[in-house]
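Enquirer: Structure file structure-v5.txt (compact mmCIF, C-alpha atoms) right here:
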# COMPACT_ATOMS: atom_id res chain seq x y z
CA MET A 16 -12.98 42.10 -53.12
CA ARG A 17 -10.08 39.91 -54.30
CA HIS A 18 -7.92 41.44 -51.59
CA PHE A 19 -10.54 40.61 -49.04
CA ALA A 20 -10.62 36.91 -50.07
CA LEU A 21 -6.83 36.72 -49.84
CA PHE A 22 -6.97 38.35 -46.46
CA VAL A 23 -9.53 35.80 -45.21
CA ILE A 24 -7.42 32.90 -46.49
CA LEU A 25 -4.33 34.29 -44.82
CA LEU A 26 -6.26 34.70 -41.61
CA LEU A 27 -7.51 31.09 -41.75
CA VAL A 28 -4.03 29.72 -42.38
CA THR A 29 -2.62 31.70 -39.50
CA PHE A 30 -5.44 30.50 -37.27
CA LEU A 31 -4.85 26.84 -38.18
CA ALA A 32 -1.13 27.18 -37.66
CA TYR A 33 -1.87 28.75 -34.30
CA LEU A 34 -4.18 25.87 -33.34
CA SER A 35 -1.73 23.16 -34.30
CA SER A 36 1.12 24.85 -32.49
CA CYS A 37 -1.03 24.84 -29.36
CA GLN A 38 -1.30 21.09 -29.32
CA SER A 39 1.40 19.10 -27.64
CA ASN A 40 3.26 16.67 -29.84
CA ILE A 41 1.22 13.76 -28.47
CA SER A 42 -1.26 12.66 -31.11
CA ILE A 43 -4.93 11.99 -30.50
CA GLN A 44 -4.30 8.26 -30.92
CA THR A 45 -1.53 8.27 -28.34
CA ALA A 46 -3.74 10.14 -25.90
CA GLN A 47 -6.58 7.66 -26.43
CA TYR A 48 -4.28 4.68 -25.93
CA ALA A 49 -2.94 6.25 -22.76
CA VAL A 50 -6.43 6.82 -21.33
CA ASN A 51 -7.31 3.16 -21.85
CA GLY A 52 -3.88 2.16 -20.59
CA GLN A 53 -4.42 3.98 -17.32
CA LYS A 54 -7.29 1.61 -16.47
CA VAL A 55 -5.15 -1.43 -17.26
CA TYR A 56 -2.28 0.02 -15.24
CA LYS A 57 -4.45 0.62 -12.17
CA ALA A 58 -5.83 -2.91 -12.29
CA HIS A 59 -2.65 -4.87 -13.03
CA CYS A 60 0.50 -2.83 -12.37
CA GLU A 61 -0.04 -0.10 -9.80
CA ASN A 62 0.06 -2.32 -6.70
CA CYS A 63 3.76 -3.01 -7.18
CA HIS A 64 5.00 -0.21 -9.42
CA GLY A 65 3.06 2.57 -7.70
CA GLY A 66 0.65 5.29 -8.78
CA LYS A 67 3.44 7.42 -10.26
CA GLY A 68 5.50 4.53 -11.58
CA GLU A 69 7.91 5.10 -8.70
CA GLY A 70 8.44 1.40 -7.87
CA LEU A 71 9.01 0.26 -4.26
CA GLY A 72 12.47 0.24 -2.71
CA THR A 73 14.60 -2.27 -4.56
CA LEU A 74 11.75 -4.79 -4.64
CA TYR A 75 10.02 -3.41 -7.73
CA PRO A 76 11.76 -1.16 -10.28
CA PRO A 77 10.48 2.31 -11.20
CA LEU A 78 8.94 2.76 -14.66
CA THR A 79 10.51 6.13 -15.28
CA ASP A 80 13.78 5.33 -17.06
CA LYS A 81 13.53 6.72 -20.60
CA ASN A 82 16.78 5.06 -21.65
CA PHE A 83 15.64 1.65 -20.45
CA PHE A 84 12.44 2.03 -22.47
CA ALA A 85 14.35 3.12 -25.57
CA GLU A 86 16.90 0.29 -25.35
CA ASN A 87 14.37 -2.43 -24.50
CA ARG A 88 11.37 -1.24 -26.49
CA LYS A 89 10.82 -4.59 -28.20
CA LYS A 90 11.16 -6.49 -24.91
CA LEU A 91 8.54 -4.44 -23.07
CA ALA A 92 5.55 -6.31 -24.50
CA CYS A 93 7.18 -9.65 -23.63
CA ILE A 94 7.84 -8.53 -20.04
CA VAL A 95 4.21 -7.51 -19.54
CA ARG A 96 2.86 -10.75 -21.04
CA HIS A 97 5.32 -13.29 -19.65
CA GLY A 98 6.83 -11.57 -16.62
CA LEU A 99 10.53 -11.66 -15.74
CA GLN A 100 12.65 -14.28 -14.04
CA GLU A 101 16.15 -12.90 -14.59
CA GLU A 102 17.81 -9.93 -12.93
CA ILE A 103 17.49 -6.56 -14.65
CA GLU A 104 19.19 -3.21 -14.21
CA VAL A 105 17.17 0.01 -14.24
CA SER A 106 18.81 3.42 -13.74
CA GLY A 107 21.96 1.75 -12.41
CA GLN A 108 20.11 -0.33 -9.78
CA LYS A 109 19.78 -4.12 -9.99
CA TYR A 110 16.40 -5.81 -9.35
CA ASP A 111 16.10 -9.59 -8.97
CA GLN A 112 12.57 -10.24 -7.70
CA PRO A 113 10.62 -12.27 -10.26
CA MET A 114 7.72 -10.47 -11.94
CA PRO A 115 4.57 -12.49 -12.65
CA GLY A 116 3.23 -12.56 -16.20
CA ASN A 117 -0.10 -11.05 -17.20
CA THR A 118 -1.54 -13.64 -19.53
CA MET A 119 -5.06 -12.27 -19.05
CA LEU A 120 -4.16 -9.10 -20.97
CA THR A 121 -4.89 -9.00 -24.72
CA ASP A 122 -2.36 -7.65 -27.23
CA LEU A 123 -4.38 -4.44 -27.41
CA ASP A 124 -4.44 -4.10 -23.60
CA ILE A 125 -0.64 -4.37 -23.64
CA ALA A 126 -0.45 -1.67 -26.33
CA TYR A 127 -2.65 0.58 -24.19
CA VAL A 128 -0.72 0.04 -20.97
CA LEU A 129 2.72 0.39 -22.56
CA THR A 130 1.62 3.62 -24.23
CA TYR A 131 0.41 4.88 -20.85
CA ILE A 132 3.59 3.87 -19.02
CA THR A 133 6.08 5.13 -21.60
CA THR A 134 4.32 8.46 -22.22
CA ARG A 135 3.16 9.20 -18.68
CA PHE A 136 6.24 8.10 -16.74
CA GLY A 137 8.95 7.69 -19.36
CA GLY A 138 8.75 10.99 -21.24
CA ILE A 139 8.22 9.25 -24.58
CA ASP A 140 5.65 10.78 -26.95
CA SER A 141 4.79 8.01 -29.40
CA THR A 142 2.13 5.28 -29.33
CA TYR A 143 3.20 1.73 -28.54
CA THR A 144 0.90 0.41 -31.26
CA HIS A 145 -1.16 -2.76 -31.48
CA GLU A 146 0.98 -3.89 -34.44
CA GLU A 147 4.17 -3.21 -32.50
CA VAL A 148 2.91 -5.42 -29.65
CA LYS A 149 2.00 -8.25 -32.05
CA SER A 150 5.38 -8.20 -33.74
CA ALA A 151 7.25 -7.95 -30.42
CA LEU A 152 5.30 -10.88 -28.91
CA ALA A 153 6.02 -13.03 -31.93
CA ASP A 154 9.73 -12.68 -31.13
CA CYS A 155 9.54 -13.30 -27.36
CA ARG A 156 11.92 -15.85 -25.99
CA PRO A 157 9.75 -18.00 -23.72
CA MET B 13 -38.72 32.66 29.13
CA LEU B 14 -37.77 31.57 25.62
CA LYS B 15 -34.66 33.68 25.88
CA ASN B 16 -33.66 31.85 29.06
CA LYS B 17 -34.12 28.48 27.43
CA LEU B 18 -31.99 29.57 24.51
CA THR B 19 -29.28 30.76 26.87
CA ILE B 20 -29.28 27.42 28.69
CA LEU B 21 -29.07 25.57 25.36
CA PHE B 22 -26.20 27.79 24.30
CA ILE B 23 -24.28 27.08 27.52
CA LEU B 24 -24.96 23.36 27.22
CA GLY B 25 -23.67 23.46 23.66
CA LEU B 26 -20.52 25.23 24.78
CA LEU B 27 -19.92 22.65 27.50
CA LEU B 28 -20.39 19.80 25.02
CA SER B 29 -17.95 21.26 22.56
CA ALA B 30 -15.46 21.82 25.38
CA CYS B 31 -15.69 18.12 26.21
CA GLN B 32 -14.97 17.15 22.64
CA SER B 33 -11.97 19.37 22.25
CA GLY B 34 -10.30 17.50 25.14
CA GLN B 35 -7.90 14.63 24.38
CA LYS B 36 -9.77 11.87 22.62
CA ARG B 37 -9.09 8.32 23.79
CA LEU B 38 -8.96 5.42 21.39
CA PRO B 39 -11.57 2.70 21.89
CA PHE B 40 -10.79 -0.86 22.96
CA ILE B 41 -11.67 -3.24 20.14
CA GLY B 42 -13.05 -6.76 20.40
CA GLU B 43 -15.83 -8.53 22.27
CA PRO B 44 -15.31 -7.85 26.01
CA ASP B 45 -15.81 -10.31 28.84
CA ILE B 46 -18.14 -9.00 31.50
CA VAL B 47 -16.87 -10.33 34.82
CA LYS B 48 -18.92 -10.10 37.99
CA LYS B 49 -17.14 -10.21 41.29
CA VAL B 50 -18.00 -9.51 44.88
CA VAL B 51 -15.99 -6.88 46.68
CA ASP B 52 -16.84 -5.94 50.27
CA GLY B 53 -20.21 -7.64 50.00
CA LYS B 54 -21.17 -5.70 46.84
CA THR B 55 -21.34 -7.21 43.36
CA ILE B 56 -19.41 -5.16 40.79
CA THR B 57 -19.00 -5.81 37.10
CA ASP B 58 -15.70 -5.51 35.31
CA THR B 59 -15.30 -5.21 31.54
CA ILE B 60 -12.25 -7.06 30.26
CA TYR B 61 -11.22 -6.45 26.68
CA PRO B 62 -9.36 -9.13 24.72
CA THR B 63 -5.57 -9.02 24.66
CA ILE B 64 -3.01 -10.53 22.31
CA PRO B 65 -1.68 -13.75 23.93
CA PRO B 66 2.04 -14.55 24.27
CA PHE B 67 3.74 -15.69 21.08
CA GLN B 68 7.11 -16.61 19.66
CA PHE B 69 8.16 -16.45 16.03
CA LEU B 70 11.35 -16.58 13.97
CA ASN B 71 12.24 -13.16 12.59
CA GLN B 72 14.22 -11.97 9.55
CA ASP B 73 17.49 -12.42 11.48
CA SER B 74 16.62 -16.06 12.32
CA THR B 75 16.21 -15.22 15.99
CA LEU B 76 13.17 -16.00 18.09
CA ILE B 77 11.19 -12.98 19.12
CA THR B 78 8.33 -13.01 21.59
CA GLU B 79 5.65 -10.57 22.74
CA ARG B 80 8.25 -9.24 25.21
CA PHE B 81 10.00 -7.47 22.33
CA PHE B 82 6.95 -5.19 22.22
CA ASP B 83 6.72 -4.57 26.00
CA SER B 84 6.48 -0.84 26.80
CA LYS B 85 5.89 -0.08 23.12
CA ILE B 86 2.88 0.39 20.94
CA TYR B 87 3.03 -1.52 17.68
CA VAL B 88 1.38 -1.79 14.29
CA THR B 89 0.95 -5.27 12.88
CA ASN B 90 -0.27 -6.91 9.68
CA PHE B 91 -0.28 -10.13 7.64
CA PHE B 92 1.38 -10.44 4.23
CA PHE B 93 3.68 -12.65 2.13
CA THR B 94 6.75 -11.72 0.14
CA HIS B 95 5.63 -12.73 -3.35
CA CYS B 96 2.05 -11.51 -2.88
CA PRO B 97 0.85 -10.06 -6.18
CA SER B 98 -2.31 -8.35 -4.96
CA ILE B 99 -2.83 -6.07 -1.96
CA CYS B 100 0.46 -6.50 -0.05
CA PRO B 101 2.70 -4.15 -2.06
CA THR B 102 0.29 -1.25 -1.56
CA MET B 103 -0.18 -2.11 2.11
CA GLN B 104 3.58 -2.38 2.71
CA ARG B 105 4.26 0.79 0.69
CA ASN B 106 1.87 2.66 3.00
CA LEU B 107 3.22 1.07 6.19
CA LEU B 108 6.75 1.95 5.03
CA GLU B 109 5.76 5.64 5.15
CA VAL B 110 4.63 5.22 8.77
CA TYR B 111 7.87 3.36 9.60
CA LYS B 112 9.97 6.11 8.02
CA LYS B 113 8.12 8.76 10.03
CA TYR B 114 8.87 6.98 13.34
CA LYS B 115 12.23 5.44 12.46
CA ASN B 116 14.45 5.08 15.56
CA ASP B 117 11.58 6.17 17.83
CA ASP B 118 11.62 3.39 20.44
CA ARG B 119 8.07 4.10 21.60
CA ILE B 120 6.73 2.28 18.54
CA ALA B 121 7.50 -0.89 16.56
CA PHE B 122 6.13 -2.77 13.56
CA LEU B 123 5.37 -6.47 13.09
CA SER B 124 4.59 -8.15 9.76
CA HIS B 125 3.55 -11.82 9.88
CA SER B 126 4.12 -13.88 6.75
CA ILE B 127 1.21 -16.19 5.99
CA ASP B 128 3.33 -18.13 3.48
CA PHE B 129 4.81 -20.52 6.03
CA LYS B 130 6.31 -22.68 3.25
CA TYR B 131 8.34 -20.21 1.22
CA ASP B 132 9.00 -17.19 3.47
CA GLN B 133 11.91 -18.50 5.51
CA PRO B 134 13.96 -15.95 7.53
CA SER B 135 16.49 -15.46 4.70
CA VAL B 136 13.64 -14.64 2.30
CA LEU B 137 12.15 -12.23 4.83
CA LYS B 138 15.55 -10.62 5.38
CA LYS B 139 16.03 -9.98 1.69
CA TYR B 140 12.49 -8.64 1.38
CA ALA B 141 12.95 -6.27 4.34
CA THR B 142 16.25 -4.99 2.95
CA ASN B 143 14.77 -4.45 -0.50
CA LEU B 144 11.81 -2.65 1.02
CA GLY B 145 14.20 -0.27 2.79
CA VAL B 146 13.96 -1.58 6.37
CA ASP B 147 17.42 -1.66 7.94
CA ASN B 148 16.81 -1.91 11.69
CA ASP B 149 14.93 -4.24 14.03
CA GLN B 150 12.13 -1.76 14.66
CA TRP B 151 10.12 -3.52 11.95
CA GLN B 152 10.02 -7.27 12.58
CA PHE B 153 9.14 -9.70 9.79
CA VAL B 154 8.23 -13.10 11.24
CA THR B 155 7.40 -16.62 10.19
CA GLY B 156 5.97 -19.55 12.12
CA SER B 157 3.88 -22.68 11.76
CA LYS B 158 0.61 -22.40 9.89
CA ALA B 159 -1.37 -23.02 13.10
CA ASP B 160 0.56 -20.36 15.04
CA ILE B 161 0.41 -17.63 12.39
CA TYR B 162 -3.18 -18.21 11.34
CA GLY B 163 -4.15 -18.56 15.02
CA MET B 164 -2.58 -15.17 15.74
CA SER B 165 -4.44 -13.56 12.85
CA ASP B 166 -7.72 -14.57 14.53
CA ARG B 167 -6.60 -12.85 17.72
CA TYR B 168 -5.78 -9.68 15.78
CA LEU B 169 -9.21 -9.98 14.06
CA VAL B 170 -7.56 -10.19 10.61
CA PHE B 171 -8.88 -12.70 8.08
CA THR B 172 -6.27 -15.06 6.55
CA ASN B 173 -6.69 -18.23 4.53
CA GLU B 174 -4.61 -20.56 2.38
CA ASP B 175 -6.52 -20.65 -0.93
CA ALA B 176 -5.21 -22.06 -4.19
CA ASN B 177 -7.87 -20.12 -6.12
CA VAL B 178 -6.55 -16.62 -5.40
CA PRO B 179 -3.46 -15.01 -6.99
CA GLY B 180 -0.39 -16.03 -4.99
CA GLY B 181 -2.18 -18.86 -3.16
CA TYR B 182 -3.11 -17.02 0.03
CA ASP B 183 -6.11 -14.88 0.77
CA HIS B 184 -6.02 -12.26 3.50
CA ALA B 185 -7.36 -8.90 4.62
CA SER B 186 -5.20 -5.79 4.29
CA PHE B 187 -5.74 -4.55 7.83
CA LEU B 188 -3.16 -2.74 9.90
CA VAL B 189 -3.83 -3.27 13.62
CA LEU B 190 -2.71 -0.87 16.36
CA ILE B 191 -1.79 -2.48 19.69
CA ASP B 192 -1.14 -0.72 23.02
CA HIS B 193 1.31 -1.48 25.88
CA ASP B 194 -1.14 -3.92 27.46
CA LYS B 195 -1.58 -5.80 24.16
CA HIS B 196 -5.09 -4.45 23.64
CA ILE B 197 -6.33 -3.76 20.11
CA ARG B 198 -6.93 -0.01 19.85
CA GLY B 199 -7.47 0.53 16.12
CA THR B 200 -7.79 -1.25 12.76
CA TYR B 201 -7.11 0.41 9.41
CA ASP B 202 -7.29 -0.65 5.77
CA GLY B 203 -3.64 -0.58 4.70
CA THR B 204 -4.54 0.01 1.05
CA ASN B 205 -6.66 3.12 1.76
CA PRO B 206 -4.69 6.40 1.97
CA GLU B 207 -7.39 8.00 4.17
CA HIS B 208 -7.12 5.15 6.65
CA ILE B 209 -3.35 5.66 6.75
CA GLN B 210 -3.97 9.28 7.78
CA ASP B 211 -6.31 7.97 10.52
CA LEU B 212 -3.59 5.58 11.67
CA LEU B 213 -0.99 8.37 11.86
CA ARG B 214 -3.41 10.48 13.92
CA ASP B 215 -4.32 7.57 16.23
CA ILE B 216 -0.66 6.66 16.86
CA GLU B 217 -0.16 10.17 18.25
CA ILE B 218 -3.30 9.88 20.41
CA LEU B 219 -2.20 6.50 21.76
CA LEU B 220 1.35 7.71 22.48
CA GLN B 221 -0.19 10.45 24.65
CA GLU B 222 -1.45 7.75 27.07
CA TYR B 223 2.14 6.85 27.95
CA LYS B 224 3.63 10.30 28.44
Go ahead and express the file in the form of structure tokens.
Expert:
Amino acid sequence: MRHFALFVILLLVTFLAYLSSCQSNISIQTAQYAVNGQKVYKAHCENCHGGKGEGLGTLYPPLTDKNFFAENRKKLACIVRHGLQEEIEVSGQKYDQPMPGNTMLTDLDIAYVLTYITTRFGGIDSTYTHEEVKSALADCRP
Amino acid sequence: MLKNKLTILFILGLLLSACQSGQKRLPFIGEPDIVKKVVDGKTITDTIYPTIPPFQFLNQDSTLITERFFDSKIYVTNFFFTHCPSICPTMQRNLLEVYKKYKNDDRIAFLSHSIDFKYDQPSVLKKYATNLGVDNDQWQFVTGSKADIYGMSDRYLVFTNEDANVPGGYDHASFLVLIDHDKHIRGTYDGTNPEHIQDLLRDIEILLQEYK
């Protein structure tokens, strides 16, 4: 009987380990943010940056450069909210068309859309959280 | 008796389907003028479809181009502006695919009119075209006076309007218009709709067949 209980416990542990190994390393929260972010992206970003984040020629930069996202993570929220006036370099290519700001988006919208962009196109697997957006926006240079 | 009727129906059906499988012709678009004239004592009616009138605009190379640039060509035309935040990028992204497909094919050209007559000077258009990936004169980007550009949009049946209440300051429809050698309108397509772009690609081939 005792052996049987041990066996059942072992089985359960193995099963749970099996389940968790099945999941990708994107958490439920990240996935939820990304789903909401997709709607924001379609409404406010896709026209210029494209359905796959591919950009358009050298008019609008692609949103697929993992290094750019890593190096400029704090700036991303500011770019979405306030747009860009200065030239930037993405994947070795310079872009100098101004980007309009998106002042109609809430902090949470920005968290959603940045999570969508960075995970879907940029190969990053963490949430760009609501708190991260708030702290980044507090430091934006206007 | 019934069998005979069925046979006749079957043959009729075959004939109809044979008609349809022949080369389809694109329609002429716009309100036609019905003209009556007397020839050899008989009154005949002629249907005259609207054509695009002569025009001249400054292009991205600061040279004047006229309708003669498009003589003996079919062309696809639209209305846009360079810093348009709404429908233009999608429309131009889609038209760019059509341009790439027919690049260096001198049977077809492209013409984008800027409706921002204040900001989109030739140098701005040149930079935009280059950034978009257009590096020959097969795709013309033109600017002109407000009256000329907005007047032309009426002739192409495309809505345009200067409107401070819309993003970017100009409101316009995202139509791509297909024009034949005689400057007749032969097709209109929503440049933001991927299915319409497929229709445009198909219709370009049908129209090119008329000039073989």
Enquirer: In terms of the shortest atom-to-atom distance over only C-alpha atoms, which of B:Arg80, B:His125, B:His95, B:Arg119 is closest to chain A?
Expert: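 The closest residue to chain A is B:His95.
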Enquirer: Rounded to one decimal in Å, what is the spacing between atom CA of B:Ile60 and atom CA of B:Thr78?
Expert: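 Here the two named atoms are 23.1 Å from each other.
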Enquirer: Hey, list the chain A side of the contact with chain B: 9 Å cut-off, only C-alpha atoms, answer as a compact mmCIF listing (two decimals) with C-alpha atoms, keeping the file's coordinate frame.
Expert:
# COMPACT_ATOMS: atom_id res chain seq x y z
CA HIS A 59 -2.65 -4.87 -13.03
CA GLU A 61 -0.04 -0.10 -9.80
CA ASN A 62 0.06 -2.32 -6.70
CA CYS A 63 3.76 -3.01 -7.18
CA HIS A 64 5.00 -0.21 -9.42
CA GLY A 65 3.06 2.57 -7.70
CA LEU A 71 9.01 0.26 -4.26
CA GLY A 72 12.47 0.24 -2.71
CA THR A 73 14.60 -2.27 -4.56
CA LEU A 74 11.75 -4.79 -4.64
CA TYR A 75 10.02 -3.41 -7.73
CA GLN A 112 12.57 -10.24 -7.70
CA PRO A 113 10.62 -12.27 -10.26
CA MET A 114 7.72 -10.47 -11.94
CA PRO A 115 4.57 -12.49 -12.65
Enquirer: Taking all atoms of stretch 109-125 of chain A that the file lists, what box with edges along x, y and z, padded by 8 Å per side, do you get, with centre and edge lengths in Å to one decimal, as AutoDock Vina command-line options?
Expert:
--center_x 7.4 --center_y -8.9 --center_z -17.6 --size_x 40.8 --size_y 25.5 --size_z 35.7
Enquirer: Between B:Ile127, B:Phe82, B:Asn106, B:Asp202, single out the one closest to B:Asp160, counting all atoms listed in the file.
Expert: B:Ile127
Enquirer: Could you jot down the atom CA of B:Pro179 to atom CA of A:Asn117 separation for me, Å, one decimal place?
Expert: 11.5 Å
Enquirer: Between atom CA of B:Ile64 and atom CA of B:Lys195, what is the distance, to one decimal in Å?
Expert: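 That distance, rounded to one decimal, is 5.3 Å.
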Enquirer: Stretch 40-118 of chain A near stretch 143-148 of chain A within 10 Å: what's each residue's closest atom pair and its distance in Å to one decimal, counting only C-alpha atoms, ordered by chain then ascending residue number, as CSV?
Expert:
residue,atom,partner,partner_atom,distance
A:Gln44,CA,A:Thr144,CA,9.4
A:Thr45,CA,A:Tyr143,CA,8.1
A:Tyr48,CA,A:Tyr143,CA,8.5
A:Ala49,CA,A:Tyr143,CA,9.6
A:Arg88,CA,A:Tyr143,CA,8.9
A:Lys89,CA,A:Glu147,CA,8.0
A:Lys90,CA,A:Val148,CA,9.6
A:Leu91,CA,A:Val148,CA,8.7
A:Ala92,CA,A:Val148,CA,5.9
A:Cys93,CA,A:Val148,CA,8.5
Enquirer: Excluding same-chain residues fewer than 4 positions from A:Asn51, what lies within 12 Å of it counting all atoms listed in the file, as number ranges by chain?
Expert: A: 44-47, 55-58, 123-132
Enquirer: Please provide the set of residues having any atom within 12 Å of B:Ile120, restricted to all atoms listed in the file, with same-chain residues fewer than 3 positions apart removed, written as an MDAnalysis selection string.
Expert: chainID B and resid 81:89 110:117 123 149:152 190:193 213 216:217 219:220 223
Enquirer: Place N, CA and C atoms on stretch 58-82 of chain B and deliver the coordinates as a PDB file, keeping the file's coordinate frame.
Expert:
ATOM      1  N   ASP B  58     -16.943  -5.977  35.901  1.00  0.00           N
ATOM      2  CA  ASP B  58     -15.700  -5.510  35.310  1.00  0.00           C
ATOM      3  C   ASP B  58     -15.735  -5.874  33.820  1.00  0.00           C
ATOM      4  N   THR B  59     -15.317  -4.947  32.976  1.00  0.00           N
ATOM      5  CA  THR B  59     -15.300  -5.210  31.540  1.00  0.00           C
ATOM      6  C   THR B  59     -13.863  -5.491  31.109  1.00  0.00           C
ATOM      7  N   ILE B  60     -13.624  -6.690  30.639  1.00  0.00           N
ATOM      8  CA  ILE B  60     -12.250  -7.060  30.260  1.00  0.00           C
ATOM      9  C   ILE B  60     -12.158  -7.236  28.751  1.00  0.00           C
ATOM     10  N   TYR B  61     -11.353  -6.389  28.131  1.00  0.00           N
ATOM     11  CA  TYR B  61     -11.220  -6.450  26.680  1.00  0.00           C
ATOM     12  C   TYR B  61     -10.146  -7.466  26.289  1.00  0.00           C
ATOM     13  N   PRO B  62     -10.314  -8.098  25.115  1.00  0.00           N
ATOM     14  CA  PRO B  62      -9.360  -9.130  24.720  1.00  0.00           C
ATOM     15  C   PRO B  62      -7.945  -8.573  24.538  1.00  0.00           C
ATOM     16  N   THR B  63      -6.963  -9.399  24.860  1.00  0.00           N
ATOM     17  CA  THR B  63      -5.570  -9.020  24.660  1.00  0.00           C
ATOM     18  C   THR B  63      -4.900 -10.044  23.743  1.00  0.00           C
ATOM     19  N   ILE B  64      -3.792  -9.626  23.156  1.00  0.00           N
ATOM     20  CA  ILE B  64      -3.010 -10.530  22.310  1.00  0.00           C
ATOM     21  C   ILE B  64      -2.232 -11.476  23.231  1.00  0.00           C
ATOM     22  N   PRO B  65      -2.375 -12.794  23.048  1.00  0.00           N
ATOM     23  CA  PRO B  65      -1.680 -13.750  23.930  1.00  0.00           C
ATOM     24  C   PRO B  65      -0.180 -13.787  23.631  1.00  0.00           C
ATOM     25  N   PRO B  66       0.599 -14.400  24.536  1.00  0.00           N
ATOM     26  CA  PRO B  66       2.040 -14.550  24.270  1.00  0.00           C
ATOM     27  C   PRO B  66       2.291 -15.306  22.968  1.00  0.00           C
ATOM     28  N   PHE B  67       3.407 -14.992  22.326  1.00  0.00           N
ATOM     29  CA  PHE B  67       3.740 -15.690  21.080  1.00  0.00           C
ATOM     30  C   PHE B  67       5.237 -15.763  20.933  1.00  0.00           C
ATOM     31  N   GLN B  68       5.706 -16.671  20.085  1.00  0.00           N
ATOM     32  CA  GLN B  68       7.110 -16.610  19.660  1.00  0.00           C
ATOM     33  C   GLN B  68       7.234 -17.042  18.208  1.00  0.00           C
ATOM     34  N   PHE B  69       7.988 -16.213  17.467  1.00  0.00           N
ATOM     35  CA  PHE B  69       8.160 -16.450  16.030  1.00  0.00           C
ATOM     36  C   PHE B  69       9.610 -16.230  15.652  1.00  0.00           C
ATOM     37  N   LEU B  70      10.003 -16.831  14.519  1.00  0.00           N
ATOM     38  CA  LEU B  70      11.350 -16.580  13.970  1.00  0.00           C
ATOM     39  C   LEU B  70      11.292 -15.300  13.148  1.00  0.00           C
ATOM     40  N   ASN B  71      12.277 -14.406  13.355  1.00  0.00           N
ATOM     41  CA  ASN B  71      12.240 -13.160  12.590  1.00  0.00           C
ATOM     42  C   ASN B  71      13.233 -13.185  11.423  1.00  0.00           C
ATOM     43  N   GLN B  72      13.400 -12.043  10.764  1.00  0.00           N
ATOM     44  CA  GLN B  72      14.220 -11.970   9.550  1.00  0.00           C
ATOM     45  C   GLN B  72      15.705 -12.207   9.839  1.00  0.00           C
ATOM     46  N   ASP B  73      16.101 -12.132  11.119  1.00  0.00           N
ATOM     47  CA  ASP B  73      17.490 -12.420  11.480  1.00  0.00           C
ATOM     48  C   ASP B  73      17.638 -13.833  12.045  1.00  0.00           C
ATOM     49  N   SER B  74      16.614 -14.682  11.822  1.00  0.00           N
ATOM     50  CA  SER B  74      16.620 -16.060  12.320  1.00  0.00           C
ATOM     51  C   SER B  74      16.712 -16.137  13.836  1.00  0.00           C
ATOM     52  N   THR B  75      16.253 -15.118  14.531  1.00  0.00           N
ATOM     53  CA  THR B  75      16.210 -15.220  15.990  1.00  0.00           C
ATOM     54  C   THR B  75      14.752 -15.250  16.430  1.00  0.00           C
ATOM     55  N   LEU B  76      14.537 -15.916  17.567  1.00  0.00           N
ATOM     56  CA  LEU B  76      13.170 -16.000  18.090  1.00  0.00           C
ATOM     57  C   LEU B  76      12.799 -14.679  18.738  1.00  0.00           C
ATOM     58  N   ILE B  77      11.674 -14.126  18.376  1.00  0.00           N
ATOM     59  CA  ILE B  77      11.190 -12.980  19.120  1.00  0.00           C
ATOM     60  C   ILE B  77       9.844 -13.354  19.755  1.00  0.00           C
ATOM     61  N   THR B  78       9.578 -12.737  20.888  1.00  0.00           N
ATOM     62  CA  THR B  78       8.330 -13.010  21.590  1.00  0.00           C
ATOM     63  C   THR B  78       7.586 -11.701  21.793  1.00  0.00           C
ATOM     64  N   GLU B  79       6.438 -11.773  22.445  1.00  0.00           N
ATOM     65  CA  GLU B  79       5.650 -10.570  22.740  1.00  0.00           C
ATOM     66  C   GLU B  79       6.437  -9.597  23.610  1.00  0.00           C
ATOM     67  N   ARG B  80       7.488 -10.118  24.305  1.00  0.00           N
ATOM     68  CA  ARG B  80       8.250  -9.240  25.210  1.00  0.00           C
ATOM     69  C   ARG B  80       9.027  -8.182  24.434  1.00  0.00           C
ATOM     70  N   PHE B  81       9.325  -8.481  23.163  1.00  0.00           N
ATOM     71  CA  PHE B  81      10.000  -7.470  22.330  1.00  0.00           C
ATOM     72  C   PHE B  81       9.174  -6.191  22.263  1.00  0.00           C
ATOM     73  N   PHE B  82       7.850  -6.340  22.386  1.00  0.00           N
ATOM     74  CA  PHE B  82       6.950  -5.190  22.220  1.00  0.00           C
ATOM     75  C   PHE B  82       6.480  -4.619  23.556  1.00  0.00           C
TER      76      PHE B  82
END
